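Data block for run08.cif (mmCIF, C-alpha atoms):
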data_start
loop_
_atom_site.group_PDB
_atom_site.id
_atom_site.type_symbol
_atom_site.label_atom_id
_atom_site.label_comp_id
_atom_site.auth_asym_id
_atom_site.auth_seq_id
_atom_site.Cartn_x
_atom_site.Cartn_y
_atom_site.Cartn_z
ATOM 1 C CA MET A 1 11.492 13.445 -39.680
ATOM 2 C CA THR A 2 11.970 17.185 -40.163
ATOM 3 C CA ASP A 3 9.044 19.463 -41.035
ATOM 4 C CA GLU A 4 10.002 19.458 -44.704
ATOM 5 C CA HIS A 5 9.978 15.657 -44.711
ATOM 6 C CA VAL A 6 6.607 15.486 -42.999
ATOM 7 C CA GLU A 7 5.238 17.535 -45.873
ATOM 8 C CA THR A 8 6.890 15.512 -48.678
ATOM 9 C CA TYR A 9 5.884 12.291 -46.918
ATOM 10 C CA ALA A 10 2.252 13.400 -47.036
ATOM 11 C CA GLN A 11 2.603 14.194 -50.755
ATOM 12 C CA ASP A 12 4.278 10.877 -51.586
ATOM 13 C CA PHE A 13 1.778 8.911 -49.522
ATOM 14 C CA LYS A 14 -1.116 10.684 -51.244
ATOM 15 C CA SER A 15 0.358 9.845 -54.654
ATOM 16 C CA TYR A 16 0.315 6.096 -53.936
ATOM 17 C CA CYS A 17 -3.215 6.298 -52.467
ATOM 18 C CA ILE A 18 -4.641 8.173 -55.473
ATOM 19 C CA GLY A 19 -2.861 5.799 -57.851
ATOM 20 C CA GLY A 20 -4.106 2.724 -56.004
ATOM 21 C CA LEU A 21 -7.683 4.001 -55.879
ATOM 22 C CA LEU A 22 -7.745 4.908 -59.592
ATOM 23 C CA ALA A 23 -6.153 1.589 -60.562
ATOM 24 C CA PHE A 24 -8.699 -0.416 -58.522
ATOM 25 C CA MET A 25 -11.590 1.536 -60.052
ATOM 26 C CA LEU A 26 -10.347 1.111 -63.631
ATOM 27 C CA THR A 27 -9.768 -2.625 -63.089
ATOM 28 C CA ALA A 28 -13.234 -3.098 -61.587
ATOM 29 C CA LEU A 29 -14.788 -1.170 -64.500
ATOM 30 C CA ALA A 30 -12.979 -3.304 -67.086
ATOM 31 C CA PHE A 31 -14.019 -6.599 -65.478
ATOM 32 C CA GLY A 32 -17.537 -5.258 -64.890
ATOM 33 C CA LEU A 33 -17.921 -4.423 -68.589
ATOM 34 C CA VAL A 34 -17.204 -8.025 -69.556
ATOM 35 C CA ILE A 35 -18.917 -9.885 -66.712
ATOM 36 C CA PHE A 36 -22.182 -7.890 -66.948
ATOM 37 C CA GLU A 37 -21.938 -7.593 -70.746
ATOM 38 C CA ILE A 38 -22.447 -3.835 -70.777
ATOM 39 C CA LEU A 39 -22.289 -2.036 -74.175
ATOM 40 C CA PRO A 40 -22.609 -3.628 -77.623
ATOM 41 C CA HIS A 41 -19.853 -5.980 -78.752
ATOM 42 C CA PHE A 42 -17.545 -3.643 -80.694
ATOM 43 C CA GLU A 43 -17.917 -0.670 -78.335
ATOM 44 C CA ARG A 44 -17.077 -2.941 -75.408
ATOM 45 C CA LEU A 45 -13.717 -3.875 -76.939
ATOM 46 C CA ILE A 46 -12.924 -0.199 -77.619
ATOM 47 C CA ALA A 47 -13.910 0.711 -74.038
ATOM 48 C CA LEU A 48 -11.664 -2.081 -72.666
ATOM 49 C CA ALA A 49 -8.694 -0.807 -74.692
ATOM 50 C CA ILE A 50 -9.275 2.767 -73.487
ATOM 51 C CA LEU A 51 -9.539 1.604 -69.852
ATOM 52 C CA ALA A 52 -6.250 -0.316 -70.224
ATOM 53 C CA VAL A 53 -4.432 2.709 -71.636
ATOM 54 C CA ALA A 54 -5.861 4.893 -68.843
ATOM 55 C CA GLN A 55 -4.700 2.407 -66.206
ATOM 56 C CA ILE A 56 -1.207 2.205 -67.740
ATOM 57 C CA ILE A 57 -0.951 6.000 -67.589
ATOM 58 C CA VAL A 58 -2.112 5.947 -63.948
ATOM 59 C CA HIS A 59 0.565 3.353 -63.089
ATOM 60 C CA PHE A 60 3.305 5.362 -64.814
ATOM 61 C CA ARG A 61 2.207 8.616 -63.180
ATOM 62 C CA TYR A 62 1.527 7.506 -59.599
ATOM 63 C CA PHE A 63 3.643 4.373 -59.069
ATOM 64 C CA LEU A 64 6.640 5.072 -61.307
ATOM 65 C CA HIS A 65 6.465 8.859 -60.788
ATOM 66 C CA ILE A 66 7.001 9.678 -64.456
ATOM 67 C CA SER A 67 5.702 13.130 -65.337
ATOM 68 C CA TRP A 68 6.483 16.163 -67.476
ATOM 69 C CA HIS A 69 8.880 17.262 -64.726
ATOM 70 C CA SER A 70 10.947 14.090 -64.996
ATOM 71 C CA HIS A 71 14.659 14.579 -65.302
ATOM 72 C CA ARG A 72 16.681 13.328 -68.269
ATOM 73 C CA ASP A 73 14.891 11.373 -70.909
ATOM 74 C CA ASP A 74 12.765 9.131 -68.718
ATOM 75 C CA LEU A 75 9.506 10.226 -70.299
ATOM 76 C CA GLN A 76 10.968 10.437 -73.814
ATOM 77 C CA LEU A 77 12.185 6.853 -73.410
ATOM 78 C CA VAL A 78 8.705 5.690 -72.474
ATOM 79 C CA LEU A 79 7.158 7.533 -75.406
ATOM 80 C CA PHE A 80 9.788 6.275 -77.866
ATOM 81 C CA THR A 81 9.349 2.706 -76.589
ATOM 82 C CA SER A 82 5.587 3.085 -76.999
ATOM 83 C CA LEU A 83 6.121 4.156 -80.607
ATOM 84 C CA ILE A 84 8.303 1.105 -81.268
ATOM 85 C CA LEU A 85 5.755 -1.165 -79.573
ATOM 86 C CA PHE A 86 2.919 0.363 -81.570
ATOM 87 C CA LEU A 87 4.795 -0.183 -84.852
ATOM 88 C CA MET A 88 5.763 -3.775 -84.013
ATOM 89 C CA VAL A 89 2.452 -4.909 -82.566
ATOM 90 C CA GLY A 90 0.304 -2.953 -85.017
ATOM 91 C CA GLY A 91 2.424 -4.031 -87.992
ATOM 92 C CA THR A 92 2.421 -7.697 -86.986
ATOM 93 C CA ILE A 93 -1.336 -7.775 -86.479
ATOM 94 C CA TRP A 94 -1.978 -5.922 -89.745
ATOM 95 C CA ILE A 95 0.269 -8.183 -91.828
ATOM 96 C CA LEU A 96 -0.792 -11.485 -90.260
ATOM 97 C CA PHE A 97 -4.527 -10.758 -90.424
ATOM 98 C CA ASN A 98 -4.160 -9.589 -94.017
ATOM 99 C CA LEU A 99 -2.248 -12.768 -94.875
ATOM 100 C CA HIS A 100 -4.877 -14.880 -93.116
ATOM 101 C CA GLU A 101 -7.623 -13.285 -95.193
ATOM 102 C CA ARG A 102 -5.767 -13.986 -98.434
ATOM 103 C CA MET A 103 -5.062 -17.601 -97.511
ATOM 104 C CA MET A 104 -8.642 -18.489 -96.597
ATOM 105 C CA MET O 1 14.652 23.407 -53.416
ATOM 106 C CA LYS O 2 16.715 22.013 -56.272
ATOM 107 C CA ARG O 3 16.516 18.559 -54.669
ATOM 108 C CA GLN O 4 12.771 18.530 -55.168
ATOM 109 C CA SER O 5 13.182 17.903 -58.890
ATOM 110 C CA LEU O 6 12.915 14.271 -59.962
ATOM 111 C CA LEU O 7 16.258 12.791 -60.960
ATOM 112 C CA HIS O 8 15.012 9.354 -62.005
ATOM 113 C CA PRO O 9 11.873 7.198 -62.311
ATOM 114 C CA GLY O 10 10.357 5.798 -59.133
ATOM 115 C CA LEU O 11 10.299 7.371 -55.675
ATOM 116 C CA ASN O 12 13.259 9.778 -55.364
ATOM 117 C CA LEU O 13 15.096 9.804 -52.043
ATOM 118 C CA GLY O 14 15.580 13.580 -52.325
ATOM 119 C CA SER O 15 16.755 15.400 -49.222
ATOM 120 C CA THR O 16 16.181 12.394 -46.909
ATOM 121 C CA ASP O 17 19.485 10.929 -48.147
ATOM 122 C CA GLU O 18 21.246 13.333 -50.484
ATOM 123 C CA TYR O 19 24.298 11.151 -51.057
ATOM 124 C CA SER O 20 22.276 8.128 -52.199
ATOM 125 C CA HIS O 21 19.973 10.429 -54.155
ATOM 126 C CA ASP O 22 22.901 11.663 -56.277
ATOM 127 C CA GLU O 23 24.313 8.136 -56.645
ATOM 128 C CA ALA O 24 20.916 6.868 -57.824
ATOM 129 C CA GLU O 25 20.605 8.840 -61.049
ATOM 130 C CA PRO O 26 22.921 6.962 -63.485
ATOM 131 C CA VAL O 27 22.248 3.549 -61.917
ATOM 132 C CA ILE O 28 18.492 3.826 -62.112
ATOM 133 C CA PHE O 29 18.558 5.373 -65.569
ATOM 134 C CA GLY O 30 20.446 2.287 -66.788
ATOM 135 C CA PHE O 31 17.881 -0.011 -65.204
ATOM 136 C CA TRP O 32 15.113 2.069 -66.787
ATOM 137 C CA VAL O 33 16.641 1.415 -70.219
ATOM 138 C CA PHE O 34 16.641 -2.332 -69.452
ATOM 139 C CA LEU O 35 12.970 -2.180 -68.466
ATOM 140 C CA MET O 36 12.080 -0.480 -71.750
ATOM 141 C CA ALA O 37 13.898 -3.263 -73.629
ATOM 142 C CA ASP O 38 11.983 -5.823 -71.557
ATOM 143 C CA LEU O 39 8.732 -4.173 -72.648
ATOM 144 C CA VAL O 40 9.751 -4.774 -76.278
ATOM 145 C CA LEU O 41 10.104 -8.510 -75.498
ATOM 146 C CA PHE O 42 6.576 -8.545 -74.080
ATOM 147 C CA ALA O 43 5.243 -6.574 -77.056
ATOM 148 C CA ILE O 44 6.475 -9.242 -79.478
ATOM 149 C CA LEU O 45 4.804 -11.952 -77.398
ATOM 150 C CA PHE O 46 1.581 -9.901 -77.378
ATOM 151 C CA ALA O 47 1.724 -9.485 -81.158
ATOM 152 C CA THR O 48 2.208 -13.245 -81.598
ATOM 153 C CA TYR O 49 -0.647 -13.964 -79.206
ATOM 154 C CA ALA O 50 -2.973 -11.467 -80.939
ATOM 155 C CA SER O 51 -2.753 -13.273 -84.267
ATOM 156 C CA MET O 52 -2.530 -16.823 -82.845
ATOM 157 C CA SER O 53 -5.518 -16.482 -80.511
ATOM 158 C CA VAL O 54 -7.841 -15.753 -83.433
ATOM 159 C CA GLN O 55 -6.282 -17.662 -86.336
ATOM 160 C CA GLY O 56 -4.413 -20.445 -84.572
ATOM 161 C CA GLN O 57 -7.053 -22.357 -82.630
ATOM 162 C CA ALA O 58 -6.672 -25.425 -84.887
ATOM 163 C CA GLY O 59 -10.102 -26.768 -83.912
ATOM 164 C CA GLY O 60 -9.028 -26.864 -80.265
ATOM 165 C CA PRO O 61 -10.451 -24.949 -77.296
ATOM 166 C CA SER O 62 -11.152 -21.223 -77.775
ATOM 167 C CA PRO O 63 -10.244 -18.546 -75.198
ATOM 168 C CA THR O 64 -13.843 -18.550 -73.900
ATOM 169 C CA ASP O 65 -13.637 -22.300 -73.212
ATOM 170 C CA VAL O 66 -10.507 -22.228 -71.085
ATOM 171 C CA PHE O 67 -10.321 -18.806 -69.360
ATOM 172 C CA ASP O 68 -11.516 -18.486 -65.776
ATOM 173 C CA LEU O 69 -12.430 -14.790 -65.285
ATOM 174 C CA PRO O 70 -13.028 -14.828 -61.494
ATOM 175 C CA SER O 71 -9.594 -16.371 -61.059
ATOM 176 C CA ALA O 72 -8.013 -13.734 -63.346
ATOM 177 C CA PHE O 73 -9.794 -11.051 -61.303
ATOM 178 C CA ILE O 74 -8.361 -12.368 -58.025
ATOM 179 C CA GLU O 75 -4.878 -12.525 -59.577
ATOM 180 C CA THR O 76 -5.262 -8.932 -60.770
ATOM 181 C CA MET O 77 -6.295 -7.784 -57.286
ATOM 182 C CA LEU O 78 -3.348 -9.624 -55.685
ATOM 183 C CA LEU O 79 -0.803 -8.080 -58.058
ATOM 184 C CA LEU O 80 -2.331 -4.611 -57.820
ATOM 185 C CA SER O 81 -2.343 -4.754 -54.014
ATOM 186 C CA SER O 82 1.278 -5.911 -54.069
ATOM 187 C CA SER O 83 2.156 -2.852 -56.172
ATOM 188 C CA ILE O 84 0.599 -0.595 -53.539
ATOM 189 C CA THR O 85 2.300 -2.412 -50.639
ATOM 190 C CA PHE O 86 5.618 -2.063 -52.470
ATOM 191 C CA GLY O 87 4.835 1.665 -52.700
ATOM 192 C CA MET O 88 4.473 1.649 -48.910
ATOM 193 C CA ALA O 89 7.826 -0.187 -48.668
ATOM 194 C CA SER O 90 9.410 2.546 -50.841
ATOM 195 C CA LEU O 91 7.973 5.193 -48.500
ATOM 196 C CA ALA O 92 9.380 3.299 -45.488
ATOM 197 C CA LEU O 93 12.766 3.109 -47.226
ATOM 198 C CA LYS O 94 12.736 6.845 -47.805
ATOM 199 C CA TYR O 95 11.303 8.178 -44.535
ATOM 200 C CA LYS O 96 11.456 5.642 -41.726
ATOM 201 C CA ALA O 97 14.763 5.189 -39.946
ATOM 202 C CA ASP O 98 13.877 1.773 -38.534
ATOM 203 C CA ARG O 99 14.051 -1.447 -40.497
ATOM 204 C CA LEU O 100 10.788 -2.891 -39.185
ATOM 205 C CA HIS O 101 8.369 -0.900 -41.378
ATOM 206 C CA LEU O 102 10.356 -1.674 -44.503
ATOM 207 C CA VAL O 103 10.647 -5.396 -43.748
ATOM 208 C CA PHE O 104 6.925 -5.602 -42.906
ATOM 209 C CA TRP O 105 5.830 -4.084 -46.247
ATOM 210 C CA LEU O 106 8.367 -6.146 -48.208
ATOM 211 C CA VAL O 107 7.189 -9.386 -46.606
ATOM 212 C CA LEU O 108 3.551 -8.424 -47.275
ATOM 213 C CA THR O 109 4.427 -7.688 -50.929
ATOM 214 C CA PHE O 110 6.186 -11.044 -51.140
ATOM 215 C CA CYS O 111 3.120 -12.876 -49.797
ATOM 216 C CA LEU O 112 0.786 -11.148 -52.284
ATOM 217 C CA GLY O 113 3.199 -11.902 -55.160
ATOM 218 C CA ALA O 114 3.505 -15.536 -54.058
ATOM 219 C CA GLY O 115 -0.293 -15.744 -53.887
ATOM 220 C CA PHE O 116 -0.457 -14.448 -57.459
ATOM 221 C CA ILE O 117 2.003 -17.088 -58.681
ATOM 222 C CA GLY O 118 0.130 -19.780 -56.752
ATOM 223 C CA MET O 119 -3.176 -18.815 -58.416
ATOM 224 C CA GLU O 120 -1.517 -18.745 -61.827
ATOM 225 C CA VAL O 121 0.022 -22.203 -61.415
ATOM 226 C CA ARG O 122 -3.399 -23.457 -60.259
ATOM 227 C CA ASP O 123 -5.010 -21.967 -63.423
ATOM 228 C CA PHE O 124 -2.411 -23.627 -65.651
ATOM 229 C CA TRP O 125 -2.944 -26.951 -63.849
ATOM 230 C CA ILE O 126 -6.721 -26.823 -64.347
ATOM 231 C CA MET O 127 -6.260 -25.900 -68.018
ATOM 232 C CA THR O 128 -3.892 -28.796 -68.674
ATOM 233 C CA GLN O 129 -6.352 -31.150 -66.949
ATOM 234 C CA GLN O 130 -8.965 -30.010 -69.490
ATOM 235 C CA GLY O 131 -6.592 -30.931 -72.329
ATOM 236 C CA ALA O 132 -5.610 -27.300 -73.019
ATOM 237 C CA VAL O 133 -1.873 -27.993 -73.192
ATOM 238 C CA PRO O 134 0.675 -25.805 -75.066
ATOM 239 C CA GLN O 135 1.106 -28.316 -77.904
ATOM 240 C CA ARG O 136 -2.659 -28.436 -78.613
ATOM 241 C CA SER O 137 -2.796 -25.287 -80.797
ATOM 242 C CA GLY O 138 -0.971 -22.119 -81.798
ATOM 243 C CA PHE O 139 -3.332 -20.139 -79.565
ATOM 244 C CA LEU O 140 -2.386 -22.187 -76.497
ATOM 245 C CA SER O 141 1.357 -22.115 -77.308
ATOM 246 C CA ALA O 142 1.250 -18.332 -77.562
ATOM 247 C CA PHE O 143 -0.903 -18.070 -74.415
ATOM 248 C CA TYR O 144 1.440 -20.128 -72.221
ATOM 249 C CA MET O 145 4.486 -18.373 -73.705
ATOM 250 C CA LEU O 146 3.146 -14.891 -72.923
ATOM 251 C CA VAL O 147 1.566 -15.488 -69.513
ATOM 252 C CA ALA O 148 4.347 -17.763 -68.260
ATOM 253 C CA THR O 149 7.029 -15.254 -69.328
ATOM 254 C CA HIS O 150 5.276 -12.719 -67.104
ATOM 255 C CA GLY O 151 4.980 -15.340 -64.347
ATOM 256 C CA ILE O 152 8.710 -16.096 -64.544
ATOM 257 C CA HIS O 153 9.439 -12.371 -64.259
ATOM 258 C CA VAL O 154 7.275 -12.191 -61.117
ATOM 259 C CA THR O 155 9.038 -15.271 -59.709
ATOM 260 C CA ALA O 156 12.399 -13.612 -60.389
ATOM 261 C CA GLY O 157 11.085 -10.542 -58.546
ATOM 262 C CA LEU O 158 10.147 -12.745 -55.571
ATOM 263 C CA CYS O 159 13.660 -14.264 -55.478
ATOM 264 C CA TRP O 160 15.109 -10.751 -55.694
ATOM 265 C CA MET O 161 12.931 -9.746 -52.721
ATOM 266 C CA ILE O 162 14.299 -12.619 -50.611
ATOM 267 C CA VAL O 163 17.856 -11.576 -51.515
ATOM 268 C CA MET O 164 17.066 -7.980 -50.516
ATOM 269 C CA LEU O 165 15.597 -9.082 -47.169
ATOM 270 C CA VAL O 166 18.824 -10.990 -46.458
ATOM 271 C CA GLN O 167 20.928 -8.002 -47.545
ATOM 272 C CA LEU O 168 18.897 -5.688 -45.314
ATOM 273 C CA ARG O 169 19.625 -8.024 -42.402
ATOM 274 C CA VAL O 170 23.342 -8.441 -43.156
ATOM 275 C CA LEU O 171 24.371 -5.110 -44.689
ATOM 276 C CA GLY O 172 21.725 -2.780 -43.258
ATOM 277 C CA ARG O 173 20.410 0.284 -45.081
ATOM 278 C CA THR O 174 23.533 1.188 -47.052
ATOM 279 C CA THR O 175 23.404 3.208 -50.272
ATOM 280 C CA GLU O 176 23.871 0.053 -52.370
ATOM 281 C CA VAL O 177 20.993 -1.735 -50.658
ATOM 282 C CA LYS O 178 18.741 1.306 -51.068
ATOM 283 C CA LEU O 179 19.519 1.593 -54.776
ATOM 284 C CA ARG O 180 18.869 -2.137 -55.294
ATOM 285 C CA LEU O 181 15.504 -1.854 -53.541
ATOM 286 C CA MET O 182 14.604 1.150 -55.700
ATOM 287 C CA ARG O 183 15.373 -0.843 -58.843
ATOM 288 C CA LEU O 184 13.316 -3.764 -57.550
ATOM 289 C CA ALA O 185 10.437 -1.312 -57.018
ATOM 290 C CA LEU O 186 10.620 -0.196 -60.664
ATOM 291 C CA PHE O 187 10.762 -3.826 -61.819
ATOM 292 C CA TRP O 188 7.739 -4.732 -59.696
ATOM 293 C CA HIS O 189 5.621 -1.759 -60.821
ATOM 294 C CA MET O 190 6.538 -2.453 -64.464
ATOM 295 C CA LEU O 191 5.383 -6.082 -64.149
ATOM 296 C CA ASP O 192 2.052 -4.784 -62.896
ATOM 297 C CA ILE O 193 1.770 -2.638 -66.042
ATOM 298 C CA VAL O 194 2.439 -5.707 -68.214
ATOM 299 C CA TRP O 195 -0.251 -7.563 -66.266
ATOM 300 C CA VAL O 196 -2.752 -4.767 -67.034
ATOM 301 C CA CYS O 197 -2.177 -5.551 -70.734
ATOM 302 C CA ILE O 198 -2.468 -9.307 -70.096
ATOM 303 C CA PHE O 199 -5.763 -9.174 -68.208
ATOM 304 C CA THR O 200 -7.230 -6.756 -70.754
ATOM 305 C CA PHE O 201 -5.973 -8.097 -74.075
ATOM 306 C CA VAL O 202 -5.737 -11.793 -73.179
ATOM 307 C CA TYR O 203 -8.412 -12.563 -70.582
ATOM 308 C CA LEU O 204 -11.076 -9.867 -71.094
ATOM 309 C CA PHE O 205 -10.717 -9.662 -74.892
ATOM 310 C CA GLY O 206 -10.650 -13.469 -75.055
ATOM 311 C CA VAL O 207 -13.994 -13.737 -73.273
ATOM 312 C CA ALA O 208 -15.590 -10.634 -74.883
ATOM 313 C CA LEU O 209 -14.637 -11.457 -78.482
#

Translate the structure of the given file into structure tokens.
Amino acid sequence: MTDEHVETYAQDFKSYCIGGLLAFMLTALAFGLVIFEILPHFERLIALAILAVAQIIVHFRYFLHISWHSHRDDLQLVLFTSLILFLMVGGTIWILFNLHERMM
Amino acid sequence: MKRQSLLHPGLNLGSTDEYSHDEAEPVIFGFWVFLMADLVLFAILFATYASMSVQGQAGGPSPTDVFDLPSAFIETMLLLSSSITFGMASLALKYKADRLHLVFWLVLTFCLGAGFIGMEVRDFWIMTQQGAVPQRSGFLSAFYMLVATHGIHVTAGLCWMIVMLVQLRVLGRTTEVKLRLMRLALFWHMLDIVWVCIFTFVYLFGVAL
């Protein structure tokens, strides 16, 4: 390896280590919340959802190397897909739960 | 320094192999579009599961009755570790000239992935022994559909890994082989992201609700 590569290797290696460490911590926190029944019921669900979103961002940033400096529309594609997912999942849950309420 | 900019998702080869680095951009962008479409498939299964798990229990077992959290935790750790070992394989692909490092990390990733699938099959087996079979209720149908779709993706990734190990042996580290490994890396990391949603919204929510 040339000097330049030694330097970029260190950077790339660090990226995976930070990502791995953060991901392990967030996972442990999420399981800990449920196993030790920390926080009241509703707050616990909100905290779990926030931890999941945080971990997804960590995975995208450190394992898939998506950032604001990404070339082309890599990041835009992720954000647009997230919008579509939010509409489909949110819409389905809204409609089906509403329907369920009316049927009961 | 223009090569320092990221041309595509995943670890960029950059100046370690400029020819492959330039070849990678369109190929990996196309695969990235496929992965986004795959996420939409999973989203629909999640939406189905979200409504079925609450409203579709049909007097059968509830999520709390059938989910085994310690087992889900071990599966999560296996898949997360395999993501990190695949990261190490990507680094070996980019920086190490010898094949040994790369093959070592790939084989380790394969073992962790196979362990994950083994645990999952064991979970399914125990659940069916307790009478929690897919045809019992809408909740269980949606559960098996969602989790098994992810499991089949991981199994496909394992098969892909075997093919890549053979190609590394036969073809060596050509540009094509490198680009295929980089796409497999994206696929593998993306499956880990889907699993984050599964362990949170299926297992943890199921027990916490």

Might you pull out every residue within 7 Å of Ala52 in chain A, with only C-alpha atoms counted and same-chain residues fewer than 3 positions away left off, and present them as a list in words?
-> Leu48, Ala49, Gln55 and Ile56 of chain A; Val196, Cys197 and Thr200 of chain O

Measure the distance from CA of Leu96 in chain A to CA of Val147 in chain O in Å and round it to one decimal.
-> 21.3 Å

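Each of O:Val121, O:Leu100, O:Val33, O:Ala156 was checked against chain A using only C-alpha atoms; the smallest atom-to-atom distance is that of O:Val33.
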
Could you tell me which residues the PyMOL selection byres ((chain O) within 7 of (chain A)) returns for this structure, as a list in words?
-> Leu6, Leu7, His8, Pro9, Gly10, Leu11, Met36, Val40, Ala43, Ile44, Ala47, Ala50, Ser51, Ile84, Gly87, Leu186, His189, Ile193, Val196, Cys197, Thr200, Leu204, Phe205 and Ala208 of chain O

Tell me which protein, DNA and RNA residues are within 10 Å of Leu191 in chain O, counting only C-alpha atoms, leaving out same-chain ones fewer than 4 positions away, and put them as a count of residues only.
-> 15

Restricting the calculation to only C-alpha atoms, which member of O:Met182, O:Ala92, O:Ala72, O:Val194 is positioned closest to Phe31 in chain O?
->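 Of O:Met182, O:Ala92, O:Ala72, O:Val194, the one nearest Phe31 in chain O is O:Met182, counting only C-alpha atoms.
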
Which residues are close to range 106-113 of chain O, i.e. within 12 Å by only C-alpha atoms, leaving aside same-chain residues fewer than 2 positions away? Reply as an mmCIF file with C-alpha atoms, in the coordinates of the input.
data_model
loop_
_atom_site.group_PDB
_atom_site.id
_atom_site.type_symbol
_atom_site.label_atom_id
_atom_site.label_comp_id
_atom_site.auth_asym_id
_atom_site.auth_seq_id
_atom_site.Cartn_x
_atom_site.Cartn_y
_atom_site.Cartn_z
ATOM 1 C CA ILE O 74 -8.361 -12.368 -58.025
ATOM 2 C CA GLU O 75 -4.878 -12.525 -59.577
ATOM 3 C CA THR O 76 -5.262 -8.932 -60.770
ATOM 4 C CA MET O 77 -6.295 -7.784 -57.286
ATOM 5 C CA LEU O 78 -3.348 -9.624 -55.685
ATOM 6 C CA LEU O 79 -0.803 -8.080 -58.058
ATOM 7 C CA LEU O 80 -2.331 -4.611 -57.820
ATOM 8 C CA SER O 81 -2.343 -4.754 -54.014
ATOM 9 C CA SER O 82 1.278 -5.911 -54.069
ATOM 10 C CA SER O 83 2.156 -2.852 -56.172
ATOM 11 C CA ILE O 84 0.599 -0.595 -53.539
ATOM 12 C CA THR O 85 2.300 -2.412 -50.639
ATOM 13 C CA PHE O 86 5.618 -2.063 -52.470
ATOM 14 C CA GLY O 87 4.835 1.665 -52.700
ATOM 15 C CA MET O 88 4.473 1.649 -48.910
ATOM 16 C CA ALA O 89 7.826 -0.187 -48.668
ATOM 17 C CA SER O 90 9.410 2.546 -50.841
ATOM 18 C CA LEU O 91 7.973 5.193 -48.500
ATOM 19 C CA ALA O 92 9.380 3.299 -45.488
ATOM 20 C CA LEU O 93 12.766 3.109 -47.226
ATOM 21 C CA ARG O 99 14.051 -1.447 -40.497
ATOM 22 C CA LEU O 100 10.788 -2.891 -39.185
ATOM 23 C CA HIS O 101 8.369 -0.900 -41.378
ATOM 24 C CA LEU O 102 10.356 -1.674 -44.503
ATOM 25 C CA VAL O 103 10.647 -5.396 -43.748
ATOM 26 C CA PHE O 104 6.925 -5.602 -42.906
ATOM 27 C CA GLY O 115 -0.293 -15.744 -53.887
ATOM 28 C CA PHE O 116 -0.457 -14.448 -57.459
ATOM 29 C CA ILE O 117 2.003 -17.088 -58.681
ATOM 30 C CA GLY O 118 0.130 -19.780 -56.752
ATOM 31 C CA MET O 119 -3.176 -18.815 -58.416
ATOM 32 C CA GLU O 120 -1.517 -18.745 -61.827
ATOM 33 C CA GLY O 151 4.980 -15.340 -64.347
ATOM 34 C CA ILE O 152 8.710 -16.096 -64.544
ATOM 35 C CA HIS O 153 9.439 -12.371 -64.259
ATOM 36 C CA VAL O 154 7.275 -12.191 -61.117
ATOM 37 C CA THR O 155 9.038 -15.271 -59.709
ATOM 38 C CA ALA O 156 12.399 -13.612 -60.389
ATOM 39 C CA GLY O 157 11.085 -10.542 -58.546
ATOM 40 C CA LEU O 158 10.147 -12.745 -55.571
ATOM 41 C CA CYS O 159 13.660 -14.264 -55.478
ATOM 42 C CA TRP O 160 15.109 -10.751 -55.694
ATOM 43 C CA MET O 161 12.931 -9.746 -52.721
ATOM 44 C CA ILE O 162 14.299 -12.619 -50.611
ATOM 45 C CA VAL O 163 17.856 -11.576 -51.515
ATOM 46 C CA MET O 164 17.066 -7.980 -50.516
ATOM 47 C CA LEU O 165 15.597 -9.082 -47.169
ATOM 48 C CA VAL O 166 18.824 -10.990 -46.458
ATOM 49 C CA LEU O 168 18.897 -5.688 -45.314
ATOM 50 C CA LEU O 181 15.504 -1.854 -53.541
ATOM 51 C CA LEU O 184 13.316 -3.764 -57.550
ATOM 52 C CA ALA O 185 10.437 -1.312 -57.018
ATOM 53 C CA TRP O 188 7.739 -4.732 -59.696
ATOM 54 C CA HIS O 189 5.621 -1.759 -60.821
ATOM 55 C CA LEU O 191 5.383 -6.082 -64.149
ATOM 56 C CA ASP O 192 2.052 -4.784 -62.896
#

Is there a way to complete range 85-90 of chain O with N, CA, C and O atoms and then write that out as a PDB file, in the frame of the given file?
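File written: result-v6.pdb
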ATOM      1  N   THR O  85       1.498  -2.133 -51.837  1.00  0.00           N
ATOM      2  CA  THR O  85       2.300  -2.412 -50.639  1.00  0.00           C
ATOM      3  C   THR O  85       3.788  -2.162 -50.918  1.00  0.00           C
ATOM      4  O   THR O  85       4.512  -1.740 -50.026  1.00  0.00           O
ATOM      5  N   PHE O  86       4.224  -2.397 -52.170  1.00  0.00           N
ATOM      6  CA  PHE O  86       5.618  -2.063 -52.470  1.00  0.00           C
ATOM      7  C   PHE O  86       5.810  -0.558 -52.435  1.00  0.00           C
ATOM      8  O   PHE O  86       6.872  -0.060 -52.030  1.00  0.00           O
ATOM      9  N   GLY O  87       4.770   0.205 -52.838  1.00  0.00           N
ATOM     10  CA  GLY O  87       4.835   1.665 -52.700  1.00  0.00           C
ATOM     11  C   GLY O  87       5.047   2.061 -51.244  1.00  0.00           C
ATOM     12  O   GLY O  87       5.861   2.934 -50.929  1.00  0.00           O
ATOM     13  N   MET O  88       4.322   1.363 -50.339  1.00  0.00           N
ATOM     14  CA  MET O  88       4.473   1.649 -48.910  1.00  0.00           C
ATOM     15  C   MET O  88       5.887   1.289 -48.440  1.00  0.00           C
ATOM     16  O   MET O  88       6.480   1.990 -47.612  1.00  0.00           O
ATOM     17  N   ALA O  89       6.445   0.193 -49.014  1.00  0.00           N
ATOM     18  CA  ALA O  89       7.826  -0.187 -48.668  1.00  0.00           C
ATOM     19  C   ALA O  89       8.787   0.902 -49.131  1.00  0.00           C
ATOM     20  O   ALA O  89       9.730   1.262 -48.405  1.00  0.00           O
ATOM     21  N   SER O  90       8.553   1.464 -50.337  1.00  0.00           N
ATOM     22  CA  SER O  90       9.410   2.546 -50.841  1.00  0.00           C
ATOM     23  C   SER O  90       9.342   3.756 -49.905  1.00  0.00           C
ATOM     24  O   SER O  90      10.364   4.384 -49.616  1.00  0.00           O
TER      25      SER O  90
END
